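**Q** I am sharing work.tsv, which consists of TSV, C-alpha atoms:
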chain	number	residue	atom	x	y	z
Q	26	MET	CA	-97.15	-148.25	-60.58
Q	27	ARG	CA	-96.71	-145.63	-63.27
Q	28	ALA	CA	-96.78	-146.65	-66.92
Q	29	PHE	CA	-96.71	-144.40	-69.96
Q	30	TYR	CA	-98.37	-144.91	-73.34
Q	31	SER	CA	-98.31	-143.40	-76.83
Q	32	ASP	CA	-100.85	-145.57	-78.65
Q	33	GLN	CA	-103.17	-142.63	-79.37
Q	34	PHE	CA	-100.81	-141.94	-82.30
Q	35	VAL	CA	-101.45	-144.73	-84.79
Q	36	LEU	CA	-99.28	-145.15	-87.84
Q	37	PRO	CA	-101.37	-145.42	-91.02
Q	38	LEU	CA	-99.79	-148.59	-92.35
Q	39	PRO	CA	-100.64	-150.08	-95.74
Q	40	PRO	CA	-102.82	-153.23	-95.89
Q	41	GLY	CA	-100.88	-156.38	-95.14
Q	42	HIS	CA	-98.05	-154.62	-93.28
Q	43	ARG	CA	-96.54	-157.09	-90.83
Q	44	PHE	CA	-96.11	-154.70	-87.89
Q	45	PRO	CA	-98.88	-155.35	-85.30
Q	46	MET	CA	-99.70	-151.73	-84.44
Q	47	ALA	CA	-102.96	-152.65	-82.67
Q	48	LYS	CA	-101.14	-154.51	-79.89
Q	49	TYR	CA	-100.34	-151.29	-78.00
Q	50	ARG	CA	-103.95	-150.23	-77.48
Q	51	LEU	CA	-104.96	-153.81	-76.70
Q	52	LEU	CA	-102.31	-153.91	-73.96
Q	53	ARG	CA	-103.53	-150.64	-72.47
Q	54	ASP	CA	-107.12	-151.88	-72.49
Q	55	ARG	CA	-106.12	-155.11	-70.73
Q	56	LEU	CA	-104.09	-153.28	-68.08
Q	57	SER	CA	-106.89	-150.80	-67.46
Q	58	ALA	CA	-109.37	-153.63	-66.95
Q	59	GLU	CA	-107.20	-156.10	-65.03
Q	60	LEU	CA	-104.51	-154.15	-63.15
Q	61	PRO	CA	-106.11	-151.06	-61.60
Q	62	GLY	CA	-102.95	-150.52	-59.55
Q	63	VAL	CA	-101.14	-149.48	-62.73
Q	64	SER	CA	-101.51	-145.75	-63.37
Q	65	LEU	CA	-101.67	-145.18	-67.14
Q	66	ASP	CA	-100.47	-141.77	-68.32
Q	67	ALA	CA	-99.98	-140.33	-71.79
Q	68	ALA	CA	-96.29	-139.82	-72.58
Q	69	LEU	CA	-94.86	-136.45	-73.46
Q	70	PRO	CA	-92.76	-136.26	-76.64
Q	71	ALA	CA	-88.98	-136.29	-76.48
Q	72	SER	CA	-87.63	-132.94	-77.57
Q	73	ASP	CA	-85.01	-132.36	-80.27
Q	74	GLY	CA	-82.50	-131.58	-77.51
Q	75	GLU	CA	-83.22	-134.82	-75.68
Q	76	LEU	CA	-82.99	-136.86	-78.87
Q	77	ALA	CA	-79.71	-135.12	-79.72
Q	78	LEU	CA	-78.09	-136.64	-76.63
Q	79	VAL	CA	-77.94	-139.77	-78.80
Q	80	HIS	CA	-78.93	-139.00	-82.38
Q	81	MET	CA	-77.27	-136.83	-85.01
Q	82	PRO	CA	-79.12	-133.50	-85.41
Q	83	SER	CA	-79.19	-134.00	-89.18
Q	84	TYR	CA	-81.00	-137.33	-88.71
Q	85	ILE	CA	-83.49	-135.85	-86.23
Q	86	GLN	CA	-84.32	-133.06	-88.69
Q	87	ALA	CA	-84.65	-135.45	-91.62
Q	88	VAL	CA	-87.15	-137.53	-89.63
Q	89	ALA	CA	-89.07	-134.46	-88.48
Q	90	GLN	CA	-89.24	-132.90	-91.93
Q	91	GLY	CA	-89.85	-136.08	-93.89
Q	92	THR	CA	-86.65	-135.75	-95.92
Q	93	LEU	CA	-85.18	-139.19	-95.30
Q	94	THR	CA	-84.14	-140.96	-98.48
Q	95	ASP	CA	-86.23	-143.84	-99.80
Q	96	ALA	CA	-83.50	-146.23	-98.68
Q	97	GLN	CA	-83.46	-144.78	-95.15
Q	98	GLN	CA	-87.24	-144.99	-94.91
Q	99	LYS	CA	-87.20	-148.57	-96.21
Q	100	GLU	CA	-84.65	-149.54	-93.56
Q	101	ILE	CA	-86.96	-148.20	-90.86
Q	102	GLY	CA	-89.84	-150.19	-92.32
Q	103	PHE	CA	-92.58	-147.58	-91.91
Q	104	PRO	CA	-93.81	-145.04	-94.44
Q	105	TRP	CA	-93.19	-141.44	-93.37
Q	106	THR	CA	-96.17	-139.61	-91.87
Q	107	PRO	CA	-96.50	-136.90	-89.22
Q	108	ALA	CA	-98.00	-139.59	-86.97
Q	109	MET	CA	-94.84	-141.68	-87.34
Q	110	VAL	CA	-92.76	-138.75	-86.13
Q	111	GLU	CA	-95.03	-137.92	-83.21
Q	112	ARG	CA	-95.40	-141.52	-82.10
Q	113	SER	CA	-91.62	-142.05	-82.26
Q	114	ARG	CA	-91.04	-138.97	-80.12
Q	115	ARG	CA	-93.64	-140.04	-77.58
Q	116	SER	CA	-92.54	-143.66	-77.43
Q	117	THR	CA	-89.08	-142.34	-76.58
Q	118	GLY	CA	-90.57	-139.87	-74.14
Q	119	ALA	CA	-92.41	-142.71	-72.42
Q	120	THR	CA	-89.15	-144.48	-71.57
Q	121	VAL	CA	-87.66	-141.19	-70.39
Q	122	MET	CA	-90.65	-140.66	-68.10
Q	123	ALA	CA	-90.54	-144.26	-66.86
Q	124	ALA	CA	-86.83	-144.03	-66.07
Q	125	ARG	CA	-87.32	-140.72	-64.27
Q	126	ALA	CA	-90.20	-142.13	-62.21
Q	127	ALA	CA	-88.23	-145.24	-61.26
Q	128	LEU	CA	-84.98	-143.44	-60.45
Q	129	PHE	CA	-86.04	-140.09	-59.05
Q	130	GLY	CA	-89.74	-140.43	-58.30
Q	131	GLY	CA	-89.68	-143.12	-55.63
Q	132	GLN	CA	-91.34	-145.70	-57.89
Q	133	GLY	CA	-88.50	-148.21	-58.10
Q	134	VAL	CA	-90.29	-149.84	-61.06
Q	135	SER	CA	-91.96	-148.01	-63.93
Q	136	ALA	CA	-92.89	-148.80	-67.53
Q	137	ASN	CA	-93.40	-147.85	-71.14
Q	138	LEU	CA	-96.26	-149.68	-72.89
Q	139	ALA	CA	-94.25	-149.48	-76.13
Q	140	GLY	CA	-90.55	-148.67	-76.68
Q	141	GLY	CA	-87.63	-151.01	-76.90
Q	142	THR	CA	-86.57	-149.48	-80.22
Q	143	HIS	CA	-83.08	-150.94	-80.02
Q	144	HIS	CA	-82.29	-151.15	-83.74
Q	145	ALA	CA	-82.03	-147.36	-84.10
Q	146	TYR	CA	-78.46	-146.08	-84.48
Q	147	ALA	CA	-77.18	-142.58	-83.79
Q	148	ASP	CA	-77.50	-141.64	-87.45
Q	149	ARG	CA	-80.28	-143.86	-88.79
Q	150	GLY	CA	-83.32	-145.93	-87.97
Q	151	SER	CA	-83.81	-149.62	-88.70
Q	152	GLY	CA	-86.14	-152.54	-88.09
Q	153	PHE	CA	-89.27	-150.56	-87.10
Q	154	CYS	CA	-87.15	-148.34	-84.84
Q	155	VAL	CA	-86.85	-144.58	-85.47
Q	156	PHE	CA	-85.26	-143.25	-82.26
Q	157	ASN	CA	-83.50	-145.37	-79.62
Q	158	ASP	CA	-85.62	-144.83	-76.51
Q	159	ALA	CA	-83.39	-146.75	-74.09
Q	160	ALA	CA	-80.31	-144.84	-75.23
Q	161	VAL	CA	-81.99	-141.44	-74.97
Q	162	ALA	CA	-83.38	-142.25	-71.51
Q	163	THR	CA	-79.97	-143.49	-70.38
Q	164	ARG	CA	-78.14	-140.35	-71.45
Q	165	LEU	CA	-80.79	-138.04	-70.04
Q	166	MET	CA	-80.93	-139.81	-66.66
Q	167	GLN	CA	-77.14	-139.62	-66.44
Q	168	ALA	CA	-77.29	-135.88	-67.11
Q	169	GLU	CA	-80.04	-135.29	-64.54
Q	170	TRP	CA	-78.27	-137.46	-61.97
Q	171	GLY	CA	-75.09	-135.48	-62.47
Q	172	ARG	CA	-76.78	-132.28	-61.30
Q	173	THR	CA	-77.01	-133.54	-57.74
Q	174	HIS	CA	-74.43	-136.33	-57.48
Q	175	LYS	CA	-70.66	-136.33	-57.74
Q	176	GLN	CA	-70.42	-139.95	-58.86
Q	177	PRO	CA	-71.70	-140.74	-62.37
Q	178	LEU	CA	-74.76	-142.91	-62.91
Q	179	ASN	CA	-73.99	-146.35	-64.30
Q	180	VAL	CA	-76.81	-147.84	-66.39
Q	181	ALA	CA	-77.31	-151.48	-67.38
Q	182	ILE	CA	-79.49	-152.12	-70.43
Q	183	ILE	CA	-80.81	-155.68	-70.21
Q	184	ASP	CA	-82.18	-156.48	-73.64
Q	185	LEU	CA	-84.21	-159.70	-73.80
Q	186	ASP	CA	-85.92	-159.04	-77.10
Q	187	VAL	CA	-85.30	-161.97	-79.44
Q	188	HIS	CA	-83.33	-159.70	-81.80
Q	189	GLN	CA	-79.94	-158.24	-80.93
Q	190	GLY	CA	-79.94	-154.65	-79.70
Q	191	ASN	CA	-77.50	-153.64	-82.42
Q	192	GLY	CA	-78.23	-149.92	-82.40
Q	193	THR	CA	-77.86	-149.75	-78.62
Q	194	ALA	CA	-74.60	-151.69	-78.74
Q	195	SER	CA	-73.21	-149.30	-81.35
Q	196	ILE	CA	-74.25	-146.16	-79.48
Q	197	PHE	CA	-72.60	-147.24	-76.21
Q	198	GLU	CA	-69.67	-149.14	-77.70
Q	199	ARG	CA	-67.05	-146.99	-75.96
Q	200	ASP	CA	-69.07	-145.86	-72.93
Q	201	ALA	CA	-67.76	-147.37	-69.70
Q	202	GLN	CA	-70.77	-146.07	-67.75
Q	203	VAL	CA	-73.28	-148.14	-69.74
Q	204	PHE	CA	-73.37	-151.94	-69.87
Q	205	THR	CA	-75.26	-153.44	-72.80
Q	206	LEU	CA	-76.48	-157.01	-72.37
Q	207	SER	CA	-78.28	-158.61	-75.31
Q	208	MET	CA	-79.67	-162.15	-75.25
Q	209	HIS	CA	-81.00	-163.03	-78.69
Q	210	GLY	CA	-81.44	-165.57	-81.44
Q	211	ALA	CA	-78.12	-166.30	-83.13
Q	212	ARG	CA	-79.69	-166.73	-86.58
Q	213	ASN	CA	-82.23	-163.93	-86.34
Q	214	PHE	CA	-82.26	-160.28	-87.44
Q	215	PRO	CA	-80.01	-158.29	-87.55
Q	216	PHE	CA	-77.80	-160.60	-89.56
Q	217	ASN	CA	-74.76	-158.31	-89.22
Q	218	LYS	CA	-74.58	-157.93	-85.46
Q	219	GLU	CA	-72.73	-155.36	-83.36
Q	220	THR	CA	-70.72	-156.12	-80.23
Q	221	SER	CA	-72.52	-155.52	-76.94
Q	222	ASP	CA	-70.69	-155.61	-73.61
Q	223	LEU	CA	-72.25	-159.06	-73.28
Q	224	ASP	CA	-73.92	-160.97	-76.12
Q	225	ILE	CA	-75.64	-164.29	-75.43
Q	226	GLU	CA	-76.59	-166.01	-78.69
Q	227	LEU	CA	-79.32	-168.64	-78.60
Q	228	PRO	CA	-80.02	-171.47	-81.06
Q	229	ASP	CA	-83.30	-171.81	-82.93
Q	230	GLY	CA	-85.83	-173.69	-80.84
Q	231	CYS	CA	-84.28	-172.72	-77.49
Q	232	ASP	CA	-86.70	-173.83	-74.75
Q	233	ASP	CA	-87.50	-172.54	-71.25
Q	234	THR	CA	-84.78	-174.49	-69.44
Q	235	ALA	CA	-81.93	-173.57	-71.77
Q	236	TYR	CA	-83.08	-169.95	-71.93
Q	237	LEU	CA	-83.29	-169.52	-68.16
Q	238	ASP	CA	-79.88	-171.15	-67.71
Q	239	ALA	CA	-78.42	-168.69	-70.22
Q	240	LEU	CA	-80.10	-165.79	-68.44
Q	241	GLU	CA	-78.63	-166.88	-65.11
Q	242	HIS	CA	-75.17	-166.94	-66.67
Q	243	ALA	CA	-75.73	-163.50	-68.20
Q	244	LEU	CA	-76.86	-161.90	-64.94
Q	245	THR	CA	-73.97	-163.48	-63.05
Q	246	GLU	CA	-71.49	-162.05	-65.54
Q	247	LEU	CA	-73.17	-158.64	-65.52
Q	248	GLU	CA	-72.94	-158.54	-61.73
Q	249	ALA	CA	-69.27	-159.49	-61.79
Q	250	ARG	CA	-68.35	-156.81	-64.31
Q	251	PHE	CA	-70.60	-153.83	-63.57
Q	252	GLN	CA	-72.46	-152.03	-60.78
Q	253	PRO	CA	-75.48	-150.19	-62.18
Q	254	GLY	CA	-77.54	-147.55	-60.45
Q	255	LEU	CA	-80.37	-147.96	-62.98
Q	256	VAL	CA	-81.60	-150.85	-65.11
Q	257	ILE	CA	-83.48	-150.41	-68.37
Q	258	TYR	CA	-85.11	-153.71	-69.29
Q	259	LEU	CA	-86.42	-154.61	-72.75
Q	260	ALA	CA	-89.01	-157.29	-72.03
Q	261	GLY	CA	-89.62	-158.55	-75.56
Q	262	ALA	CA	-92.53	-160.96	-76.02
Q	263	ASP	CA	-90.97	-162.36	-79.18
Q	264	PRO	CA	-89.03	-165.27	-77.61
Q	265	HIS	CA	-92.51	-166.86	-77.21
Q	266	GLU	CA	-93.08	-170.12	-79.09
Q	267	GLY	CA	-96.03	-168.58	-80.95
Q	268	ASP	CA	-94.11	-165.62	-82.36
Q	269	ARG	CA	-93.92	-165.28	-86.16
Q	270	LEU	CA	-90.40	-163.83	-86.11
Q	271	GLY	CA	-88.86	-165.24	-82.93
Q	272	ARG	CA	-87.65	-168.77	-83.80
Q	273	LEU	CA	-87.37	-169.65	-80.08
Q	274	SER	CA	-89.69	-171.90	-78.06
Q	275	LEU	CA	-90.41	-170.22	-74.73
Q	276	THR	CA	-93.78	-170.86	-73.11
Q	277	PHE	CA	-95.79	-168.26	-71.23
Q	278	ASP	CA	-94.42	-169.76	-68.02
Q	279	GLY	CA	-90.86	-169.46	-69.33
Q	280	LEU	CA	-91.32	-165.81	-70.22
Q	281	GLU	CA	-92.83	-165.09	-66.82
Q	282	ALA	CA	-89.91	-166.85	-65.10
Q	283	ARG	CA	-87.54	-164.71	-67.21
Q	284	ASP	CA	-89.26	-161.52	-66.11
Q	285	ARG	CA	-89.34	-162.58	-62.49
Q	286	ARG	CA	-85.61	-163.31	-62.55
Q	287	VAL	CA	-84.73	-159.90	-64.00
Q	288	PHE	CA	-86.95	-158.00	-61.57
Q	289	ASP	CA	-85.68	-160.07	-58.67
Q	290	TRP	CA	-82.06	-159.43	-59.66
Q	291	ALA	CA	-82.62	-155.68	-59.68
Q	292	TRP	CA	-84.73	-155.72	-56.51
Q	293	SER	CA	-82.16	-157.73	-54.56
Q	294	LYS	CA	-79.68	-154.90	-55.16
Q	295	ARG	CA	-82.30	-152.14	-54.80
Q	296	ILE	CA	-81.60	-150.93	-58.34
Q	297	PRO	CA	-84.49	-148.92	-59.86
Q	298	LEU	CA	-85.76	-150.48	-63.08
Q	299	ALA	CA	-87.64	-149.02	-66.04
Q	300	PHE	CA	-88.96	-151.44	-68.64
Q	301	SER	CA	-90.37	-151.36	-72.15
Q	302	MET	CA	-92.22	-153.96	-74.18
Q	303	ALA	CA	-89.95	-154.20	-77.25
Q	304	GLY	CA	-90.88	-156.81	-79.88
Q	305	GLY	CA	-93.84	-159.12	-80.15
Q	306	TYR	CA	-95.19	-160.55	-83.41
Q	307	GLY	CA	-97.42	-163.39	-82.34
Q	308	LYS	CA	-99.20	-165.51	-84.92
Q	309	GLU	CA	-102.10	-164.66	-82.65
Q	310	MET	CA	-101.86	-161.06	-81.45
Q	311	ALA	CA	-103.64	-162.10	-78.26
Q	312	ASP	CA	-100.61	-164.23	-77.36
Q	313	THR	CA	-98.28	-161.23	-77.59
Q	314	VAL	CA	-100.59	-159.13	-75.46
Q	315	GLN	CA	-100.97	-161.92	-72.91
Q	316	ALA	CA	-97.19	-162.23	-72.56
Q	317	GLN	CA	-96.99	-158.48	-71.99
Q	318	VAL	CA	-99.79	-158.48	-69.42
Q	319	ASN	CA	-97.93	-161.24	-67.59
Q	320	THR	CA	-94.82	-159.02	-67.52
Q	321	TYR	CA	-96.88	-156.25	-65.93
Q	322	ARG	CA	-98.23	-158.59	-63.27
Q	323	VAL	CA	-94.68	-159.52	-62.30
Q	324	ALA	CA	-93.57	-155.88	-62.42
Q	325	TYR	CA	-96.46	-154.76	-60.24
Q	326	ALA	CA	-95.53	-157.24	-57.51
Q	327	TYR	CA	-92.00	-155.84	-57.42
Q	328	TRP	CA	-93.27	-152.26	-57.52
Q	329	ARG	CA	-95.27	-153.06	-54.36
Q	330	ARG	CA	-92.08	-154.27	-52.68
Q	331	TRP	CA	-90.48	-150.92	-53.45
Q	332	GLN	CA	-93.43	-149.08	-51.92
Q	333	ASN	CA	-93.10	-151.13	-48.73
Q	334	LEU	CA	-89.51	-150.02	-48.17
Q	335	PRO	CA	-88.95	-147.66	-45.23
Q	336	LYS	CA	-89.64	-144.16	-46.50
Q	337	ASP	CA	-86.11	-142.95	-45.85
Q	338	LEU	CA	-84.83	-145.65	-48.23
Q	339	ASN	CA	-87.36	-144.95	-50.97
Q	340	LYS	CA	-87.92	-141.23	-50.93
Q	341	PRO	CA	-88.14	-139.30	-54.20
Q	342	MET	CA	-84.91	-137.59	-55.18
Q	343	GLU	CA	-85.15	-133.90	-55.91
Q	344	ILE	CA	-84.60	-133.29	-59.60
Q	345	HIS	CA	-85.53	-130.35	-61.79
Q	346	PRO	CA	-85.24	-131.34	-65.44
Translate the structure of the given file into structure tokens.
**A**
Amino acid sequence: MRAFYSDQFVLPLPPGHRFPMAKYRLLRDRLSAELPGVSLDAALPASDGELALVHMPSYIQAVAQGTLTDAQQKEIGFPWTPAMVERSRRSTGATVMAARAALFGGQGVSANLAGGTHHAYADRGSGFCVFNDAAVATRLMQAEWGRTHKQPLNVAIIDLDVHQGNGTASIFERDAQVFTLSMHGARNFPFNKETSDLDIELPDGCDDTAYLDALEHALTELEARFQPGLVIYLAGADPHEGDRLGRLSLTFDGLEARDRRVFDWAWSKRIPLAFSMAGGYGKEMADTVQAQVNTYRVAYAYWRRWQNLPKDLNKPMEIHP
């Protein structure tokens, strides 16, 4: 199973900054040691042209040149550095590469070890998100699909980070070929929420049973309203009961059951799925990394199912990006 990383670019954050940058390398180390069937590859950076499928050129240039205003930089939550720019490009590029591998490369399931930057809007970043990786990957896969197919590619973005995917909802607000599903804490960031195609708001303290019931309802409604040819899944670890910012009460078993349900839903319809890790702010960083490793174990089992399909049903599609 192919997975793409960008953790070699580390943001030089000030002491006491609450973003757990070290989790990305810790995840890669765990996967390398424990899941040898996962092929770990460095992500290529998203180009200005790829980013411009979603983001305003003026915003892309301001990020690249370090000319964002103090207020814009504060909303992102990171200080500007060349490493911030490069890492943001490569984290986006990792989701692009994962989506391409899943959809066109015969993988069926593929991953980004980071990503899930769903608070980024077309014209600004927010909440530790500079560029919206799921949105860029969606638009690029639709363009590449259109080169060889008459019918457009429908994409479902299943966002199970504990925070609403507000930037993603805004970007695709009037796009009938993209379905945005966000299942998130009702009283959590962002406090001024956008309107997704389907928003499921959860109360503080939501446990495994209530969460999985809500997820079942969400997937049933998604299936009734939309037929995707690709799923992009944000597998946030922050609904975990040990998360500093999550406010929900899912156990490791509950998170694993969540992941299994999403992968099973896509597999049952033979829909290729690319996933990213999104948020995770555990009081103990090891808990966040463990939740993410568990997601990869589930994903790997479904990737193996894809590889066992008859070759004529799972052959790579010719694409020349």
**Q** Give me, as an NGL selection string, all polymer residues having an atom no more than 10 Å from Q:Arg269, counting all atoms listed in the file and skipping those fewer than 2 positions away in the same chain.
**A** :Q and (43 or 263-267 or 271-273 or 305-309)
**Q** Measuring atom to atom with only C-alpha atoms, identify which of Q:Gln97, Q:Gln132, Q:Thr320, Q:Gln202 is nearest to Q:Ser151.
**A**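 Counting only C-alpha atoms, the residue closest to Q:Ser151 is Q:Gln97.
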**Q** What separation in Å, quoted to one decimal, exists between atom CA of Q:Phe214 and atom CA of Q:Ala145?
**A**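 Between these atoms lies a distance of 13.3 Å.
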**Q** Which of these, Q:Phe204, Q:Trp170, Q:Tyr327, Q:Phe156, has the shortest distance to Q:Asp73 once you count only C-alpha atoms?
**A** Q:Phe156
**Q** Report, in Å with one decimal, the straight-line distance from atom CA of Q:Ser293 to atom CA of Q:Asn319.
**A**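 We find that atom CA of Q:Ser293 and atom CA of Q:Asn319 lie 20.8 Å from each other.
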**Q** Hey, can you pull every residue with an atom no more than 12 Å from (-87.3, -133.5, -87.2), using all atoms listed in the file, and send it as a VMD selection string?
**A** chain Q and resid 71 to 74 76 to 77 80 to 93 105 to 107 109 to 111 113 to 114 155 to 156
**Q** Produce a file of the selected residues containing C-alpha atoms, as a short mmCIF file (atom, residue, chain, number, x, y, z; two decimals), in the coordinates of the input.
**A**
data_model
loop_
_atom_site.label_atom_id
_atom_site.label_comp_id
_atom_site.auth_asym_id
_atom_site.auth_seq_id
_atom_site.Cartn_x
_atom_site.Cartn_y
_atom_site.Cartn_z
CA ALA Q 71 -88.98 -136.29 -76.48
CA SER Q 72 -87.63 -132.94 -77.57
CA ASP Q 73 -85.01 -132.36 -80.27
CA GLY Q 74 -82.50 -131.58 -77.51
CA LEU Q 76 -82.99 -136.86 -78.87
CA ALA Q 77 -79.71 -135.12 -79.72
CA HIS Q 80 -78.93 -139.00 -82.38
CA MET Q 81 -77.27 -136.83 -85.01
CA PRO Q 82 -79.12 -133.50 -85.41
CA SER Q 83 -79.19 -134.00 -89.18
CA TYR Q 84 -81.00 -137.33 -88.71
CA ILE Q 85 -83.49 -135.85 -86.23
CA GLN Q 86 -84.32 -133.06 -88.69
CA ALA Q 87 -84.65 -135.45 -91.62
CA VAL Q 88 -87.15 -137.53 -89.63
CA ALA Q 89 -89.07 -134.46 -88.48
CA GLN Q 90 -89.24 -132.90 -91.93
CA GLY Q 91 -89.85 -136.08 -93.89
CA THR Q 92 -86.65 -135.75 -95.92
CA LEU Q 93 -85.18 -139.19 -95.30
CA TRP Q 105 -93.19 -141.44 -93.37
CA THR Q 106 -96.17 -139.61 -91.87
CA PRO Q 107 -96.50 -136.90 -89.22
CA MET Q 109 -94.84 -141.68 -87.34
CA VAL Q 110 -92.76 -138.75 -86.13
CA GLU Q 111 -95.03 -137.92 -83.21
CA SER Q 113 -91.62 -142.05 -82.26
CA ARG Q 114 -91.04 -138.97 -80.12
CA VAL Q 155 -86.85 -144.58 -85.47
CA PHE Q 156 -85.26 -143.25 -82.26
#
**Q** So, counting all atoms listed in the file, which residue among Q:Leu240, Q:Met166, Q:Val323, Q:Leu138 is closest to Q:Ser31?
**A**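 Checking each of Q:Leu240, Q:Met166, Q:Val323, Q:Leu138 against Q:Ser31, counting all atoms listed in the file, the winner is Q:Leu138.
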**Q** Counting only C-alpha atoms, note down every residue that has an atom within 9 Å of the point (-82.3, -161.7, -73.8) (file coordinates), as a CSV table (one decimal) with C-alpha atoms, in the coordinates of the input.
**A**
chain,number,residue,atom,x,y,z
Q,183,ILE,CA,-80.8,-155.7,-70.2
Q,184,ASP,CA,-82.2,-156.5,-73.6
Q,185,LEU,CA,-84.2,-159.7,-73.8
Q,186,ASP,CA,-85.9,-159.0,-77.1
Q,187,VAL,CA,-85.3,-162.0,-79.4
Q,188,HIS,CA,-83.3,-159.7,-81.8
Q,189,GLN,CA,-79.9,-158.2,-80.9
Q,206,LEU,CA,-76.5,-157.0,-72.4
Q,207,SER,CA,-78.3,-158.6,-75.3
Q,208,MET,CA,-79.7,-162.2,-75.2
Q,209,HIS,CA,-81.0,-163.0,-78.7
Q,210,GLY,CA,-81.4,-165.6,-81.4
Q,224,ASP,CA,-73.9,-161.0,-76.1
Q,225,ILE,CA,-75.6,-164.3,-75.4
Q,226,GLU,CA,-76.6,-166.0,-78.7
Q,227,LEU,CA,-79.3,-168.6,-78.6
Q,236,TYR,CA,-83.1,-170.0,-71.9
Q,239,ALA,CA,-78.4,-168.7,-70.2
Q,240,LEU,CA,-80.1,-165.8,-68.4
Q,243,ALA,CA,-75.7,-163.5,-68.2
Q,259,LEU,CA,-86.4,-154.6,-72.8
Q,260,ALA,CA,-89.0,-157.3,-72.0
Q,261,GLY,CA,-89.6,-158.6,-75.6
Q,264,PRO,CA,-89.0,-165.3,-77.6
Q,283,ARG,CA,-87.5,-164.7,-67.2
**Q** Give me, as a PDB file with C-alpha atoms, in the frame of the given file, all polymer residues having an atom no more than 6 Å from Q:Arg115, counting all atoms listed in the file and skipping those fewer than 3 positions away in the same chain.
**A**
ATOM      1  CA  SER Q  31     -98.310-143.400 -76.830  1.00  0.00           C
ATOM      2  CA  ALA Q  68     -96.290-139.820 -72.580  1.00  0.00           C
ATOM      3  CA  LEU Q  69     -94.860-136.450 -73.460  1.00  0.00           C
ATOM      4  CA  PRO Q  70     -92.760-136.260 -76.640  1.00  0.00           C
ATOM      5  CA  ARG Q 112     -95.400-141.520 -82.100  1.00  0.00           C
ATOM      6  CA  GLY Q 118     -90.570-139.870 -74.140  1.00  0.00           C
ATOM      7  CA  ALA Q 119     -92.410-142.710 -72.420  1.00  0.00           C
TER       8      ALA Q 119
END
**Q** State, in Å with one decimal place, the distance from atom CA of Q:Gly152 to atom CA of Q:Val180.
**A**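 Atom-to-atom, atom CA of Q:Gly152 and atom CA of Q:Val180 are spaced 24.1 Å apart.
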**Q** With only C-alpha atoms as the atoms that count, which of Q:Ala67, Q:Leu78, Q:Ala162, Q:Ala58 lies nearest to Q:Asp32?
**A**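 Going through Q:Ala67, Q:Leu78, Q:Ala162, Q:Ala58 one by one, the smallest distance to Q:Asp32 is for Q:Ala67.
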**Q** Smallest atom-to-atom distance to Q:Ile101: which of Q:Ala168, Q:Met122, Q:Val134, Q:Cys154, using all atoms listed in the file?
**A**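 Among the listed residues, the smallest separation from Q:Ile101 belongs to Q:Cys154.
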**Q** Between Q:Pro39, Q:His174, Q:Tyr321, Q:Phe277, which is the closest to Q:Gly62 once you count only C-alpha atoms?
**A**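 Ranking Q:Pro39, Q:His174, Q:Tyr321, Q:Phe277 by distance to Q:Gly62, first place goes to Q:Tyr321.
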**Q** If you count only C-alpha atoms, which residues fall within 10 Å of Q:Met46, apart from same-chain ones fewer than 5 positions away, as a ChimeraX atom specification?
**A** /Q:32,35-38,51,306
**Q** Find the residues around Q:Val314 up to 6 Å (only C-alpha atoms counted), leave out those fewer than 3 positions away in its own chain, and share them as a ChimeraX atom specification.
**A** /Q:52,311,317
**Q** Using all atoms listed in the file, which residues sit within 9 Å of Q:Arg286 once same-chain residues fewer than 3 positions away are excluded, as a ChimeraX atom specification?
**A** /Q:237,240-241,281-283,289-291
